[in-house]
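Novice: Please find one structure pasted underneath; my questions will follow.
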Amino acid sequence: MAVNPGAAMRYVIVTGLSGAGRSQAMKAFEDMGWYCVDNMPPALIPQFAELVKNQSEPIERAALVADIRGGRFFDDLENGIESLRQTGASVQILFLEASTAELIKRFKETRRTHPINPTGSIEAGIEMERERLEAIRASADKIIDTTQKTIGQFRTEIQKAFEPEEIEDSMSISIQTFGFKRGIPLDADLVFDVRMLPNPFYIAELRNLTGNDAEVQDYVMKFQDSLSYYERLLDMVEFLIPLCIKEKRAQLVVAIGCTGGQHRSVTFGNLLAHTLKERGRTVAVYHRELSGQ
């Protein structure tokens, strides 16, 4: 996003329960181009704002994590937020939480103790932290419960809340054709097998051609089984694309294979790429077994 000299500085204060996802939130903001600072002592927020103001290269957006790790300094958070607002900046509070059972599970998985109650039970530490954060939670602009969210869903919710204009269907689609005799591509997300369709290899005048040639394409697609298979393949891919975008995948790899990777798979790969491009998708095609030709 381009810098707008006339825009007010934007801050998001990321806080909430330990183990609720602050690190993932920081990664999400970083990916959106925000300047991020982890474990910011609230008492230092005014000094940080002054440093930002005097930067030679303007900073428009900053996400600051302020959490219970700051100990007694955390009590200064309200004052720090107020000092930011007095500069004319836009300040929002993002509060992250999760169920006690889920937080205990996460602490157990990482073999960490709770920062409030390092020598006692994790559950007691969680409840102590909830009580201490009641006031900041009540003033939050956005509360996200990460209990049942995947990382992709979590990041999408952050983007919708703080950069909705940046959300677009930007996932690229890679279509790879291959021959099963050389193995399935290791990076394939979806694999379709077209070996059961009529094989041009057994037609003398088509044997030395490939699915890039019109004669082979016409032969493969003249059969009702081929047409029906393609319709179902296309339906499946189109059904899955929005789900993958929702999960913030950068790429979807669709692999289509036949015996040698010369005729049927190439025909289907080219046809799928053409259809998806016509529908506005970003598509690249790679014919593995033809790459040396």
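Naming scheme: A, B, ... for chains in displayed order of the structure tokens; residues 1 onward per chain; ligands 1 onward as shown.
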Excluding region 258-271 of chain A and its own-chain neighbours fewer than 4 positions away, which residues fall within 6 Å of it when counting only C-alpha atoms? Please give them as JSON, numbers by chain.
Specialist: {"A": [177, 178, 179, 180, 194, 195, 210, 211, 217, 289]}
Novice: If we count only C-alpha atoms, what is near region 53-62 of chain A at a cut-off of 7 Å, once residues fewer than 3 positions away on the same chain are taken out, given as a list of chain:residue names?
Specialist: A:Val3, A:Met9, A:Arg10, A:Tyr11, A:Val12, A:Trp34, A:Tyr35, A:Cys36, A:Ala49, A:Glu50
Novice: Assign secondary structure with DSSP using the backbone only, and return the residues of region 89-181 of chain A in strand (DSSP E) as a list in words.
Specialist: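 The strand (DSSP E) subset of region 89-181 of chain A is Ser90, Val91, Gln92, Ile93, Leu94, Phe95, Leu96, Glu97, Lys142, Ile143, Ile144, Asp145, Ser172, Ile173, Ser174, Ile175, Gln176, Thr177, Phe178 and Gly179 of chain A.
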Novice: Under the rule that only C-alpha atoms are counted, which of A:Leu276, A:Ile158, A:Leu209, A:Ala124 is the nearest residue to Leu94 (chain A)?
Specialist: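 Using only C-alpha atoms, the shortest distance to Leu94 (chain A) belongs to A:Ile158.
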Novice: Find the distance between CA of Asn199 (chain A) and CA of Thr275 (chain A) and write it in Å to one decimal.
Specialist: 22.7 Å
Novice: Within 10 Å of Ile93 (chain A), counting only C-alpha atoms, which residues show up once you throw out same-chain ones fewer than 4 positions away? Write them as an MDAnalysis selection string, please.
Specialist: chainID A and resid 11:16 63:64 81 136:137 139:143
Novice: Which residue is closest to Gly21 (chain A)? Choose from A:Leu243, A:Val65, A:Ala255, A:Leu96 and count only C-alpha atoms.
Specialist: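 Using only C-alpha atoms, Gly21 (chain A) sits closest to A:Leu96.
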Novice: Could you pull the residues within 9 Å of Ala20 (chain A), counting only C-alpha atoms, minus those fewer than 6 positions along the same chain, as a list in words?
Specialist: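 Listing them by chain and then by number gives Leu96, Glu97, Ala98, Ser99, Glu102, Leu103, Arg106, Asp145, Thr146 and Thr147 of chain A.
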Novice: Within region 77-257 of chain A, find each residue whose DSSP state, derived from the backbone, is alpha helix (DSSP H), and express the selection as a ChimeraX atom specification.
Specialist: /A:77-86,100-110,122-132,134-138,151-162,214-220,224-246
Novice: Could you tell me how far CA of Gln251 (chain A) sits from CA of Ser174 (chain A), in Å to one decimal place?
Specialist: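 These two atoms are separated by 7.1 Å.
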Novice: Write out as a PyMOL selection string which residues come within 12 Å of Ile68 (chain A) when counting only C-alpha atoms, dropping same-chain ones fewer than 4 positions away.
Specialist: chain A and resi 14-19+22+39-42+72-77+114-117+125-126+128-133+136
Novice: In Å, with one decimal, what is the gap from CA of Gln86 (chain A) to CA of Leu44 (chain A)?
Specialist: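 Computing the Euclidean distance for CA of Gln86 (chain A) and CA of Leu44 (chain A) yields 15.1 Å.
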Novice: For Asp31 (chain A), work out the shell of residues within 12 Å, counting only C-alpha atoms and skipping chain neighbours fewer than 2 positions away, then give it as a VMD selection string.
Specialist: chain A and resid 1 24 to 29 33 to 36 63 155 to 156 158 to 159 163 166 248
